[in-house]
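Novice: File upload_28.cif follows (mmCIF, C-alpha atoms):
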```cif
data_entry
#
loop_
_atom_site.label_atom_id
_atom_site.label_comp_id
_atom_site.auth_asym_id
_atom_site.auth_seq_id
_atom_site.Cartn_x
_atom_site.Cartn_y
_atom_site.Cartn_z
CA MET Y 1 0.00 0.00 0.00
CA ALA Y 2 1.34 3.43 -0.93
CA ALA Y 3 2.62 5.51 1.95
CA LEU Y 4 -0.23 7.65 3.17
CA LEU Y 5 0.26 11.38 3.30
CA LEU Y 6 -2.35 13.13 5.38
CA LEU Y 7 -2.57 16.85 5.22
CA PHE Y 8 -4.82 18.25 7.90
CA LEU Y 9 -5.88 21.62 6.70
CA PHE Y 10 -7.34 24.40 8.73
CA LEU Y 11 -9.84 26.63 6.95
CA PHE Y 12 -10.96 30.10 7.88
CA ALA Y 13 -13.26 32.87 6.71
CA SER Y 14 -11.70 35.64 4.65
CA SER Y 15 -13.22 38.16 7.05
CA ALA Y 16 -11.33 36.63 9.99
CA LEU Y 17 -7.86 35.85 8.70
CA SER Y 18 -6.23 36.91 11.94
CA GLN Y 19 -8.29 34.52 14.05
CA ASP Y 20 -7.25 30.97 14.94
CA SER Y 21 -8.52 28.41 12.49
CA LEU Y 22 -10.99 25.84 13.74
CA ILE Y 23 -11.71 23.60 10.74
CA GLY Y 24 -9.40 21.29 8.80
CA VAL Y 25 -9.36 18.50 6.24
CA ASN Y 26 -6.83 15.76 5.52
CA ILE Y 27 -5.44 14.39 2.27
CA GLY Y 28 -4.26 10.91 1.40
CA THR Y 29 -1.93 10.13 -1.51
CA GLU Y 30 -3.42 6.79 -2.56
CA VAL Y 31 -4.65 8.30 -5.81
CA THR Y 32 -3.86 7.69 -9.46
CA ASN Y 33 -2.68 11.22 -10.17
CA MET Y 34 -1.65 12.86 -6.91
CA PRO Y 35 -1.19 16.60 -7.40
CA SER Y 36 2.35 17.92 -6.98
CA PRO Y 37 3.26 19.76 -3.74
CA THR Y 38 3.09 23.04 -5.68
CA GLN Y 39 -0.43 22.20 -6.89
CA VAL Y 40 -1.49 21.21 -3.38
CA VAL Y 41 -0.25 24.53 -1.99
CA ALA Y 42 -2.05 26.41 -4.78
CA LEU Y 43 -5.32 24.67 -3.92
CA LEU Y 44 -4.86 25.46 -0.23
CA LYS Y 45 -4.27 29.12 -1.02
CA SER Y 46 -7.36 29.24 -3.25
CA GLN Y 47 -9.37 27.85 -0.34
CA ASN Y 48 -7.98 30.30 2.24
CA ILE Y 49 -6.36 27.46 4.18
CA ASN Y 50 -3.63 28.49 6.61
CA ARG Y 51 -2.82 25.23 8.44
CA VAL Y 52 -1.89 21.77 7.17
CA ARG Y 53 -0.83 18.45 8.62
CA LEU Y 54 1.49 16.02 6.88
CA TYR Y 55 1.26 12.36 7.83
CA ASP Y 56 5.02 12.24 7.58
CA ALA Y 57 7.70 14.89 7.11
CA ASP Y 58 7.93 14.82 3.33
CA ARG Y 59 10.80 17.05 2.17
CA SER Y 60 9.10 18.30 -1.01
CA MET Y 61 5.97 19.26 0.89
CA LEU Y 62 7.90 21.06 3.63
CA LEU Y 63 9.84 23.01 1.02
CA ALA Y 64 6.62 23.90 -0.82
CA PHE Y 65 5.18 25.39 2.36
CA ALA Y 66 8.24 27.55 3.08
CA HIS Y 67 7.50 31.28 3.36
CA THR Y 68 3.75 30.73 2.87
CA GLY Y 69 2.79 31.44 6.48
CA VAL Y 70 0.88 28.14 6.54
CA GLN Y 71 1.13 26.41 9.91
CA VAL Y 72 2.28 22.82 9.44
CA ILE Y 73 1.81 19.70 11.54
CA ILE Y 74 4.32 16.96 10.69
CA SER Y 75 4.19 13.33 11.82
CA VAL Y 76 6.38 10.47 12.92
CA PRO Y 77 5.04 7.48 10.91
CA ASN Y 78 4.13 4.35 12.86
CA ASP Y 79 6.98 2.39 11.30
CA GLN Y 80 9.49 4.79 12.88
CA LEU Y 81 8.11 4.62 16.41
CA LEU Y 82 10.25 1.77 17.65
CA GLY Y 83 13.56 3.34 16.67
CA ILE Y 84 12.70 6.73 18.14
CA SER Y 85 11.36 5.22 21.38
CA GLN Y 86 14.61 3.39 22.05
CA SER Y 87 17.16 6.10 21.42
CA ASN Y 88 17.39 9.75 22.39
CA ALA Y 89 19.97 10.14 19.63
CA THR Y 90 17.55 8.77 17.02
CA ALA Y 91 14.85 11.21 18.15
CA ALA Y 92 17.34 14.08 18.12
CA ASN Y 93 18.42 13.16 14.60
CA TRP Y 94 14.79 13.00 13.48
CA VAL Y 95 14.13 16.50 14.84
CA THR Y 96 17.32 17.83 13.25
CA ARG Y 97 16.42 16.40 9.81
CA ASN Y 98 12.69 17.04 9.82
CA VAL Y 99 12.16 20.10 11.99
CA ALA Y 100 15.27 22.22 12.44
CA ALA Y 101 16.19 21.86 8.76
CA TYR Y 102 13.00 23.70 7.72
CA TYR Y 103 11.95 25.81 10.69
CA PRO Y 104 11.22 28.75 10.81
CA ALA Y 105 10.94 29.20 7.01
CA THR Y 106 8.32 26.46 7.13
CA ASN Y 107 6.08 27.20 10.10
CA ILE Y 108 6.02 23.81 11.82
CA THR Y 109 3.74 23.97 14.87
CA THR Y 110 3.10 20.37 15.97
CA ILE Y 111 4.58 16.88 15.74
CA ALA Y 112 2.06 14.03 15.71
CA VAL Y 113 3.85 10.89 16.91
CA GLY Y 114 2.25 7.85 15.28
CA SER Y 115 -1.42 7.43 14.40
CA GLU Y 116 -4.05 5.35 16.23
CA VAL Y 117 -1.25 3.29 17.74
CA LEU Y 118 -3.36 1.77 20.53
CA THR Y 119 -5.90 0.31 18.10
CA SER Y 120 -3.95 -0.27 14.87
CA LEU Y 121 -0.43 -1.05 16.06
CA THR Y 122 -0.95 -2.59 19.48
CA ASN Y 123 2.50 -4.15 19.67
CA ALA Y 124 3.99 -0.64 19.66
CA ALA Y 125 1.68 0.75 22.37
CA SER Y 126 4.21 0.16 25.14
CA VAL Y 127 6.79 2.40 23.46
CA LEU Y 128 4.43 5.24 22.45
CA VAL Y 129 4.98 7.48 25.48
CA SER Y 130 8.74 6.95 25.31
CA ALA Y 131 8.70 8.12 21.70
CA LEU Y 132 6.73 11.23 22.68
CA LYS Y 133 9.17 12.02 25.49
CA TYR Y 134 12.26 11.56 23.33
CA ILE Y 135 10.84 13.86 20.63
CA GLN Y 136 9.96 16.41 23.31
CA ALA Y 137 13.47 16.20 24.78
CA ALA Y 138 14.95 16.77 21.33
CA LEU Y 139 12.80 19.88 20.92
CA VAL Y 140 13.98 21.16 24.31
CA THR Y 141 17.60 20.66 23.28
CA ALA Y 142 16.93 22.53 20.03
CA ASN Y 143 15.17 25.29 22.00
CA LEU Y 144 11.97 24.66 20.01
CA ASP Y 145 9.72 23.18 22.70
CA ARG Y 146 7.80 26.41 23.27
CA GLN Y 147 7.00 26.81 19.59
CA ILE Y 148 6.15 23.19 18.73
CA LYS Y 149 3.76 20.80 20.52
CA VAL Y 150 3.93 17.00 20.61
CA SER Y 151 0.93 14.62 20.73
CA THR Y 152 -0.52 11.48 19.10
CA PRO Y 153 -3.92 10.85 17.40
CA HIS Y 154 -6.28 8.17 18.79
CA SER Y 155 -9.33 6.39 17.49
CA SER Y 156 -12.41 7.23 19.57
CA THR Y 157 -12.84 3.47 20.06
CA ILE Y 158 -10.34 3.65 22.93
CA ILE Y 159 -13.32 5.05 24.88
CA LEU Y 160 -15.75 2.44 26.17
CA ASP Y 161 -19.44 3.00 27.00
CA SER Y 162 -19.45 6.41 25.33
CA PHE Y 163 -23.12 6.96 26.14
CA PRO Y 164 -24.09 8.36 28.46
CA PRO Y 165 -20.91 10.48 28.17
CA SER Y 166 -20.73 10.97 31.93
CA GLN Y 167 -20.11 7.24 32.40
CA ALA Y 168 -17.49 6.91 29.66
CA PHE Y 169 -14.01 5.60 30.43
CA PHE Y 170 -10.91 4.62 28.52
CA ASN Y 171 -10.37 0.95 27.82
CA LYS Y 172 -8.66 -0.10 31.05
CA THR Y 173 -6.36 -2.38 29.06
CA TRP Y 174 -4.54 0.77 28.03
CA ASP Y 175 -4.28 2.42 31.47
CA PRO Y 176 -0.49 1.76 31.60
CA VAL Y 177 -0.24 3.88 28.45
CA ILE Y 178 -3.13 6.35 28.81
CA VAL Y 179 -2.23 7.60 32.29
CA PRO Y 180 1.41 8.51 31.52
CA LEU Y 181 0.29 9.86 28.14
CA LEU Y 182 -2.19 12.23 29.78
CA LYS Y 183 0.46 13.28 32.31
CA PHE Y 184 2.75 14.11 29.38
CA LEU Y 185 0.07 16.11 27.56
CA GLN Y 186 -0.79 18.01 30.73
CA SER Y 187 2.83 18.86 31.52
CA THR Y 188 3.57 20.08 27.99
CA GLY Y 189 0.28 21.90 27.38
CA SER Y 190 -0.56 19.66 24.44
CA PRO Y 191 -4.04 18.49 23.34
CA LEU Y 192 -5.55 15.03 23.22
CA LEU Y 193 -5.94 14.20 19.52
CA LEU Y 194 -9.07 12.19 18.72
CA ASN Y 195 -10.53 10.76 15.49
CA VAL Y 196 -14.33 10.97 15.59
CA TYR Y 197 -16.47 9.23 12.95
CA PRO Y 198 -20.25 9.41 13.54
CA TYR Y 199 -20.63 7.60 10.19
CA PHE Y 200 -19.14 4.41 11.62
CA ASP Y 201 -21.06 4.77 14.90
CA TYR Y 202 -24.28 5.12 12.92
CA VAL Y 203 -23.58 2.17 10.59
CA GLN Y 204 -22.48 -0.12 13.41
CA SER Y 205 -25.49 0.74 15.61
CA ASN Y 206 -27.85 -1.33 13.42
CA GLY Y 207 -30.53 1.34 13.49
CA VAL Y 208 -30.21 2.36 17.14
CA ILE Y 209 -28.64 5.73 16.21
CA PRO Y 210 -30.99 7.84 14.03
CA LEU Y 211 -29.42 9.19 10.82
CA ASP Y 212 -30.40 12.78 11.67
CA TYR Y 213 -28.61 12.45 15.02
CA ALA Y 214 -25.43 11.42 13.19
CA LEU Y 215 -25.73 14.20 10.57
CA PHE Y 216 -26.23 17.18 12.95
CA GLN Y 217 -29.76 17.58 11.61
CA PRO Y 218 -32.33 19.38 13.80
CA LEU Y 219 -34.13 17.10 16.24
CA GLN Y 220 -37.37 17.49 18.13
CA ALA Y 221 -36.75 17.98 21.84
CA ASN Y 222 -38.16 14.55 22.65
CA LYS Y 223 -35.71 12.95 20.19
CA GLU Y 224 -32.59 14.41 21.83
CA ALA Y 225 -30.38 12.06 23.80
CA VAL Y 226 -30.27 12.96 27.50
CA ASP Y 227 -27.49 11.98 29.89
CA ALA Y 228 -29.48 10.93 32.96
CA ASN Y 229 -26.55 11.70 35.29
CA THR Y 230 -25.91 15.27 34.15
CA LEU Y 231 -29.23 16.04 32.42
CA LEU Y 232 -27.20 17.37 29.49
CA HIS Y 233 -29.02 17.14 26.14
CA TYR Y 234 -27.16 15.82 23.09
CA THR Y 235 -28.36 16.68 19.58
CA ASN Y 236 -25.60 14.91 17.64
CA VAL Y 237 -23.19 11.98 17.88
CA PHE Y 238 -20.09 14.16 17.46
CA ASP Y 239 -20.66 16.16 20.66
CA ALA Y 240 -21.49 13.02 22.62
CA ILE Y 241 -18.20 11.37 21.64
CA VAL Y 242 -16.12 14.48 22.39
CA ASP Y 243 -17.78 14.86 25.80
CA ALA Y 244 -17.24 11.14 26.46
CA ALA Y 245 -13.51 11.80 26.01
CA TYR Y 246 -13.66 14.75 28.40
CA PHE Y 247 -15.45 12.63 31.01
CA ALA Y 248 -13.05 9.72 30.49
CA MET Y 249 -10.12 12.03 31.19
CA SER Y 250 -11.82 13.49 34.27
CA TYR Y 251 -12.38 9.92 35.53
CA LEU Y 252 -8.57 9.70 35.65
CA ASN Y 253 -8.35 13.18 37.29
CA PHE Y 254 -7.26 15.09 34.18
CA THR Y 255 -9.56 18.05 33.66
CA ASN Y 256 -7.54 20.68 31.81
CA ILE Y 257 -6.40 18.92 28.63
CA PRO Y 258 -8.10 20.29 25.49
CA ILE Y 259 -9.35 18.00 22.72
CA VAL Y 260 -8.61 18.42 19.02
CA VAL Y 261 -10.55 16.22 16.59
CA THR Y 262 -7.98 15.13 14.04
CA GLU Y 263 -10.34 13.26 11.71
CA SER Y 264 -14.05 13.48 11.00
CA GLY Y 265 -16.06 13.16 7.82
CA TRP Y 266 -18.59 11.18 5.79
CA PRO Y 267 -18.11 9.19 2.54
CA SER Y 268 -19.96 10.42 -0.56
CA LYS Y 269 -20.19 7.03 -2.28
CA GLY Y 270 -20.39 3.39 -1.19
CA GLY Y 271 -20.90 -0.13 -2.40
CA PRO Y 272 -24.25 -1.99 -2.64
CA SER Y 273 -24.40 -2.52 1.14
CA GLU Y 274 -23.23 1.01 2.04
CA HIS Y 275 -26.57 2.72 1.57
CA ASP Y 276 -25.85 5.85 3.61
CA ALA Y 277 -22.55 6.74 1.91
CA THR Y 278 -24.10 9.34 -0.41
CA VAL Y 279 -23.26 12.79 -1.72
CA GLU Y 280 -26.26 14.27 0.10
CA ASN Y 281 -25.29 12.78 3.45
CA ALA Y 282 -21.62 13.71 3.03
CA ASN Y 283 -22.55 17.29 2.14
CA THR Y 284 -25.02 17.50 5.02
CA TYR Y 285 -22.57 16.13 7.59
CA ASN Y 286 -19.56 18.20 6.58
CA SER Y 287 -21.55 21.40 6.06
CA ASN Y 288 -23.25 21.03 9.45
CA LEU Y 289 -19.99 20.06 11.15
CA ILE Y 290 -18.18 23.13 9.81
CA GLN Y 291 -21.06 25.39 10.84
CA HIS Y 292 -21.15 23.78 14.29
CA VAL Y 293 -17.43 24.34 14.82
CA ILE Y 294 -17.08 27.87 13.44
CA ASN Y 295 -20.08 29.01 15.47
CA LYS Y 296 -18.03 28.01 18.55
CA THR Y 297 -21.05 26.14 19.84
CA GLY Y 298 -18.87 23.83 21.90
CA THR Y 299 -20.31 20.71 23.49
CA PRO Y 300 -22.94 20.34 26.22
CA LYS Y 301 -20.17 19.75 28.78
CA HIS Y 302 -18.11 22.70 27.52
CA PRO Y 303 -20.53 25.11 25.80
CA GLY Y 304 -18.87 27.97 23.95
CA THR Y 305 -15.51 26.19 23.82
CA ALA Y 306 -14.80 25.50 20.16
CA VAL Y 307 -13.42 22.07 19.25
CA THR Y 308 -10.83 22.42 16.51
CA THR Y 309 -11.70 19.78 13.93
CA TYR Y 310 -10.08 18.33 10.82
CA ILE Y 311 -12.35 17.02 8.06
CA TYR Y 312 -11.39 13.77 6.39
CA GLU Y 313 -10.46 14.44 3.59
CA LEU Y 314 -9.41 16.85 0.82
CA TYR Y 315 -8.99 14.41 -2.11
CA ASN Y 316 -10.77 11.16 -2.98
CA GLU Y 317 -8.29 8.27 -2.86
CA ASP Y 318 -9.19 6.08 -5.82
CA THR Y 319 -6.48 3.47 -5.18
CA ARG Y 320 -7.18 3.03 -1.48
CA PRO Y 321 -7.97 -0.64 -0.62
CA GLY Y 322 -11.17 -1.72 1.09
CA PRO Y 323 -14.85 -1.05 0.39
CA VAL Y 324 -16.00 1.58 -2.09
CA SER Y 325 -16.59 4.09 0.70
CA GLU Y 326 -12.88 4.08 1.59
CA LYS Y 327 -12.14 5.69 -1.77
CA ASN Y 328 -14.75 8.43 -1.44
CA TRP Y 329 -14.23 10.64 1.60
CA GLY Y 330 -12.83 13.61 -0.33
CA LEU Y 331 -14.17 17.08 -0.91
CA PHE Y 332 -12.25 17.28 -4.20
CA TYR Y 333 -11.18 15.08 -7.05
CA THR Y 334 -7.44 15.30 -7.69
CA ASN Y 335 -8.04 17.50 -10.75
CA GLY Y 336 -9.25 20.18 -8.35
CA THR Y 337 -12.98 19.98 -9.09
CA PRO Y 338 -15.31 19.56 -6.10
CA VAL Y 339 -17.14 16.32 -5.35
CA TYR Y 340 -19.95 18.52 -4.01
CA THR Y 341 -20.39 22.13 -2.94
CA LEU Y 342 -20.60 22.64 0.80
CA ARG Y 343 -23.67 24.49 2.09
CA LEU Y 344 -22.38 27.11 4.49
CA ALA Y 345 -24.78 29.86 5.49
CA GLY Y 346 -23.33 33.15 6.73
CA ALA Y 347 -19.87 31.65 7.12
CA GLY Y 348 -17.95 33.76 4.62
CA ALA Y 349 -15.37 31.89 2.52
CA ILE Y 350 -14.81 29.15 5.09
CA LEU Y 351 -14.24 26.64 2.29
CA ALA Y 352 -15.00 27.97 -1.16
CA ASN Y 353 -14.66 24.44 -2.45
CA ASP Y 354 -16.52 25.06 -5.70
CA THR Y 355 -13.53 26.07 -7.82
CA THR Y 356 -15.44 25.79 -11.09
CA ASN Y 357 -18.55 27.81 -10.22
CA GLN Y 358 -17.57 30.87 -8.24
CA THR Y 359 -20.92 32.64 -8.37
CA PHE Y 360 -22.74 34.85 -5.90
CA CYS Y 361 -26.21 36.32 -5.46
CA ILE Y 362 -26.70 40.09 -5.15
CA ALA Y 363 -29.60 42.52 -4.95
CA LYS Y 364 -30.42 44.46 -8.10
CA GLU Y 365 -29.86 48.21 -7.80
CA LYS Y 366 -32.82 49.57 -9.76
CA VAL Y 367 -35.75 47.74 -8.20
CA ASP Y 368 -38.62 48.75 -5.95
CA ARG Y 369 -37.28 49.20 -2.41
CA LYS Y 370 -40.45 47.79 -0.84
CA MET Y 371 -40.09 44.59 -2.88
CA LEU Y 372 -36.43 44.43 -1.87
CA GLN Y 373 -37.31 44.86 1.81
CA ALA Y 374 -39.97 42.16 1.57
CA ALA Y 375 -37.44 39.75 0.02
CA LEU Y 376 -34.91 40.63 2.73
CA ASP Y 377 -37.51 39.95 5.43
CA TRP Y 378 -38.28 36.57 3.86
CA ALA Y 379 -34.61 35.56 3.64
CA CYS Y 380 -33.98 36.46 7.29
CA GLY Y 381 -37.25 34.83 8.37
CA PRO Y 382 -38.74 31.84 6.54
CA GLY Y 383 -35.52 31.52 4.51
CA LYS Y 384 -33.67 30.83 7.78
CA VAL Y 385 -30.63 32.97 6.97
CA ASP Y 386 -28.69 34.09 10.04
CA CYS Y 387 -28.91 37.87 9.67
CA SER Y 388 -27.47 38.76 13.08
CA ALA Y 389 -24.42 40.30 11.38
CA LEU Y 390 -26.75 42.97 9.92
CA MET Y 391 -27.81 44.28 13.33
CA GLN Y 392 -26.64 47.73 14.37
CA GLY Y 393 -23.10 47.59 15.68
CA GLU Y 394 -22.35 44.22 14.05
CA SER Y 395 -19.78 43.50 11.34
CA CYS Y 396 -22.05 43.85 8.28
CA TYR Y 397 -24.37 46.64 9.46
CA GLU Y 398 -22.55 49.25 7.35
CA PRO Y 399 -23.45 50.39 4.79
CA ASP Y 400 -26.91 50.70 6.31
CA ASP Y 401 -29.08 50.41 3.23
CA VAL Y 402 -31.53 47.84 1.97
CA VAL Y 403 -29.48 46.92 -1.10
CA ALA Y 404 -26.35 46.04 0.86
CA HIS Y 405 -28.30 44.18 3.55
CA SER Y 406 -30.32 42.30 0.93
CA THR Y 407 -27.17 41.27 -0.92
CA TYR Y 408 -25.78 39.79 2.30
CA ALA Y 409 -28.96 37.83 3.00
CA PHE Y 410 -29.60 36.79 -0.62
CA ASN Y 411 -26.06 35.48 -1.08
CA ALA Y 412 -26.14 33.60 2.23
CA TYR Y 413 -29.36 31.88 1.14
CA TYR Y 414 -27.97 31.15 -2.35
CA GLN Y 415 -24.82 29.55 -0.93
CA LYS Y 416 -26.82 27.62 1.67
CA MET Y 417 -28.99 26.16 -1.08
CA GLY Y 418 -25.91 24.97 -2.97
CA LYS Y 419 -26.42 27.61 -5.71
CA ALA Y 420 -29.45 25.67 -6.86
CA SER Y 421 -31.40 26.93 -9.84
CA GLY Y 422 -34.00 29.47 -8.73
CA SER Y 423 -32.37 30.19 -5.36
CA CYS Y 424 -31.21 33.63 -6.54
CA ASP Y 425 -34.38 35.26 -7.81
CA PHE Y 426 -36.42 36.56 -4.87
CA LYS Y 427 -39.30 37.56 -7.17
CA GLY Y 428 -37.01 39.30 -9.61
CA VAL Y 429 -35.04 41.56 -7.25
CA ALA Y 430 -31.83 39.48 -7.21
CA THR Y 431 -29.30 38.35 -9.80
CA VAL Y 432 -26.28 36.04 -10.05
CA THR Y 433 -22.78 37.51 -10.43
CA THR Y 434 -19.20 36.22 -10.55
CA THR Y 435 -17.97 39.12 -8.42
CA ASP Y 436 -17.70 38.35 -4.70
CA PRO Y 437 -19.82 41.03 -2.96
CA SER Y 438 -17.81 40.68 0.27
CA MET Y 439 -14.58 41.77 -1.39
#
```
Once more with this new file: its structure as structure tokens, please.
Specialist:
Amino acid sequence: MAALLLLFLFLFASSALSQDSLIGVNIGTEVTNMPSPTQVVALLKSQNINRVRLYDADRSMLLAFAHTGVQVIISVPNDQLLGISQSNATAANWVTRNVAAYYPATNITTIAVGSEVLTSLTNAASVLVSALKYIQAALVTANLDRQIKVSTPHSSTIILDSFPPSQAFFNKTWDPVIVPLLKFLQSTGSPLLLNVYPYFDYVQSNGVIPLDYALFQPLQANKEAVDANTLLHYTNVFDAIVDAAYFAMSYLNFTNIPIVVTESGWPSKGGPSEHDATVENANTYNSNLIQHVINKTGTPKHPGTAVTTYIYELYNEDTRPGPVSEKNWGLFYTNGTPVYTLRLAGAGAILANDTTNQTFCIAKEKVDRKMLQAALDWACGPGKVDCSALMQGESCYEPDDVVAHSTYAFNAYYQKMGKASGSCDFKGVATVTTTDPSM
């Protein structure tokens, strides 16, 4: 199997370039025509992406990201864990070759040591923490430990009995690893990295988990899942799993370690038995996930605390082994065209992933102002556009006129509807343009 390169990419709105990114995607290289590093960087720039993660420390990729300002996470592959865990000199050499050789021209921010070691490479679990410590020691020696964090991604399956979240705990088999790992993360100020896949939870539940609950779709109050111990209400699988991890850590007396979700997504195509791997479900999940994260909704246990999340993945991997769904997690084909256009209402250019149809909806200038106001009222009401940014004192209040406000609301609705035919008409007072009205 070809060596997997995962780029975890953080995405941000063009109106908030100075803010920390909260959303990311990852990219595998098991494709027929993998874009060159230069092409990958060009796509990232076109999507306003300012953070990436490499699944290794590929030299060509690190050079391509030099002087771009993009924040880069590099990784120690699983097959290098043993050597690094047994020798401080090996770890120091790795840091010299893969970090110091490129930093600060390439803005390396994190080293991910291994990937899902406890569940996919169990024979290396006993050396995982040693590897982390040796890499950390090498960073200290290089005087880079304050700039670069060290952690390791885990499958959420290391958490047992994840519902109710308040009763969740880590698989006790791994306590000899988990406890010293959490001590390390706490002492270095590093996050717990967790891969969260509601798709698999839904499929494996045999109908127990409703599809809407997995997709972040609105639920009636009586359909929400309630933790009987905390009385916290859960409206989606994602939040329940993240809170289960928080509770599992608190069970071991660790309460101040943040969580970063390093993988989450939904496949857009599946085989005959993979009925829910569809474009519609993939678009719904990823669009709702992005909206959930950028709104800084947080989780029921930690409301208002955003959970930085990486979407799996940027490109479809057509040569990846396994079922059809394994080849179809991407937002893009490798020629740069989108698999589907994300529906993001009022989120700016969070991920302008439609590179072939950059169109927008604006209000016409020479139309009846009463008709324009009525259309604006509909968009912000029955059209369910979030128009809070148009309130006095908010970011899009100025200029305070009905044309500008209508353009904001019309375009938000048009993008939310996936630029569907007829979604930019509003009884004749709107029109489609290729000029971004926010620029």
Novice: Can you list what the PyMOL selection byres ((chain Y and resi 401) around 12) grabs from this structure, as a PyMOL selection string?
Specialist: chain Y and resi 363+365+369+372-373+376+390-392+396-400+402-408
Novice: Can you give me, as number ranges by chain, the residues this file yields under the PyMOL selection byres ((chain Y and resi 128) around 8)?
Specialist: Y: 81, 85, 113-114, 117, 124-127, 129-132, 177
Novice: Hey, can you check how far atom CA of Gly298 of chain Y sits from atom CA of Val261 of chain Y?
Specialist: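 Computing the Euclidean distance for atom CA of Gly298 of chain Y and atom CA of Val261 of chain Y yields 12.5 Å.
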Novice: What residues come out when you apply the PyMOL selection byres ((chain Y and resi 302) around 12) to this file, written as a PyMOL selection string?
Specialist: chain Y and resi 232+239-240+242-247+255-256+258-259+296-301+303-307
Novice: Just the residues within 12 Å of Phe170 of chain Y, please, counting only C-alpha atoms, with nothing from its chain fewer than 5 positions along; format it as a PDB file with C-alpha atoms, in the frame of the given file.
Specialist:
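Okay, around21.pdb is ready:
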```
ATOM      1  CA  LEU Y 118      -3.360   1.770  20.530  1.00  0.00           C
ATOM      2  CA  HIS Y 154      -6.280   8.170  18.790  1.00  0.00           C
ATOM      3  CA  SER Y 155      -9.330   6.390  17.490  1.00  0.00           C
ATOM      4  CA  SER Y 156     -12.410   7.230  19.570  1.00  0.00           C
ATOM      5  CA  THR Y 157     -12.840   3.470  20.060  1.00  0.00           C
ATOM      6  CA  ILE Y 158     -10.340   3.650  22.930  1.00  0.00           C
ATOM      7  CA  ILE Y 159     -13.320   5.050  24.880  1.00  0.00           C
ATOM      8  CA  LEU Y 160     -15.750   2.440  26.170  1.00  0.00           C
ATOM      9  CA  ASP Y 161     -19.440   3.000  27.000  1.00  0.00           C
ATOM     10  CA  SER Y 162     -19.450   6.410  25.330  1.00  0.00           C
ATOM     11  CA  PRO Y 165     -20.910  10.480  28.170  1.00  0.00           C
ATOM     12  CA  ASP Y 175      -4.280   2.420  31.470  1.00  0.00           C
ATOM     13  CA  PRO Y 176      -0.490   1.760  31.600  1.00  0.00           C
ATOM     14  CA  VAL Y 177      -0.240   3.880  28.450  1.00  0.00           C
ATOM     15  CA  ILE Y 178      -3.130   6.350  28.810  1.00  0.00           C
ATOM     16  CA  VAL Y 179      -2.230   7.600  32.290  1.00  0.00           C
ATOM     17  CA  LEU Y 182      -2.190  12.230  29.780  1.00  0.00           C
ATOM     18  CA  ALA Y 244     -17.240  11.140  26.460  1.00  0.00           C
ATOM     19  CA  ALA Y 245     -13.510  11.800  26.010  1.00  0.00           C
ATOM     20  CA  TYR Y 246     -13.660  14.750  28.400  1.00  0.00           C
ATOM     21  CA  PHE Y 247     -15.450  12.630  31.010  1.00  0.00           C
ATOM     22  CA  ALA Y 248     -13.050   9.720  30.490  1.00  0.00           C
ATOM     23  CA  MET Y 249     -10.120  12.030  31.190  1.00  0.00           C
ATOM     24  CA  SER Y 250     -11.820  13.490  34.270  1.00  0.00           C
ATOM     25  CA  TYR Y 251     -12.380   9.920  35.530  1.00  0.00           C
ATOM     26  CA  LEU Y 252      -8.570   9.700  35.650  1.00  0.00           C
TER      27      LEU Y 252
END
```
Novice: Mind giving me the straight-line distance from atom CA of Ala277 of chain Y to atom CA of Ser325 of chain Y in Å, one decimal?
Specialist: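 Separation of atom CA of Ala277 of chain Y and atom CA of Ser325 of chain Y: 6.6 Å.
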Novice: Kindly give the distance, in Å, that separates atom CA of Val203 of chain Y and atom CA of Ser151 of chain Y, rounded to a single decimal.
Specialist: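 Atom CA of Ser151 of chain Y lies at a distance of 29.3 Å from atom CA of Val203 of chain Y.
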Novice: Just the residues within 10 Å of Lys149 of chain Y, please, counting only C-alpha atoms, with nothing from its chain fewer than 6 positions along; format it as a ChimeraX atom specification.
Specialist: /Y:73,108-112,135-136,139,185,188-191
Novice: Please provide as a short mmCIF file (atom, residue, chain, number, x, y, z; two decimals) with C-alpha atoms, in the coordinates of the input all residues within 12 Å of Asp56 of chain Y, with the sequence filter that same-chain residues fewer than 4 positions apart are discarded (counting only C-alpha atoms).
Specialist:
```
data_model
loop_
_atom_site.label_atom_id
_atom_site.label_comp_id
_atom_site.auth_asym_id
_atom_site.auth_seq_id
_atom_site.Cartn_x
_atom_site.Cartn_y
_atom_site.Cartn_z
CA ALA Y 3 2.62 5.51 1.95
CA LEU Y 4 -0.23 7.65 3.17
CA LEU Y 5 0.26 11.38 3.30
CA LEU Y 6 -2.35 13.13 5.38
CA LEU Y 7 -2.57 16.85 5.22
CA PHE Y 8 -4.82 18.25 7.90
CA ILE Y 27 -5.44 14.39 2.27
CA GLY Y 28 -4.26 10.91 1.40
CA THR Y 29 -1.93 10.13 -1.51
CA VAL Y 52 -1.89 21.77 7.17
CA SER Y 60 9.10 18.30 -1.01
CA MET Y 61 5.97 19.26 0.89
CA LEU Y 62 7.90 21.06 3.63
CA VAL Y 72 2.28 22.82 9.44
CA ILE Y 73 1.81 19.70 11.54
CA ILE Y 74 4.32 16.96 10.69
CA SER Y 75 4.19 13.33 11.82
CA VAL Y 76 6.38 10.47 12.92
CA PRO Y 77 5.04 7.48 10.91
CA ASN Y 78 4.13 4.35 12.86
CA ASP Y 79 6.98 2.39 11.30
CA GLN Y 80 9.49 4.79 12.88
CA TRP Y 94 14.79 13.00 13.48
CA ASN Y 98 12.69 17.04 9.82
CA VAL Y 99 12.16 20.10 11.99
CA THR Y 110 3.10 20.37 15.97
CA ILE Y 111 4.58 16.88 15.74
CA ALA Y 112 2.06 14.03 15.71
CA VAL Y 113 3.85 10.89 16.91
CA GLY Y 114 2.25 7.85 15.28
CA SER Y 115 -1.42 7.43 14.40
#
```
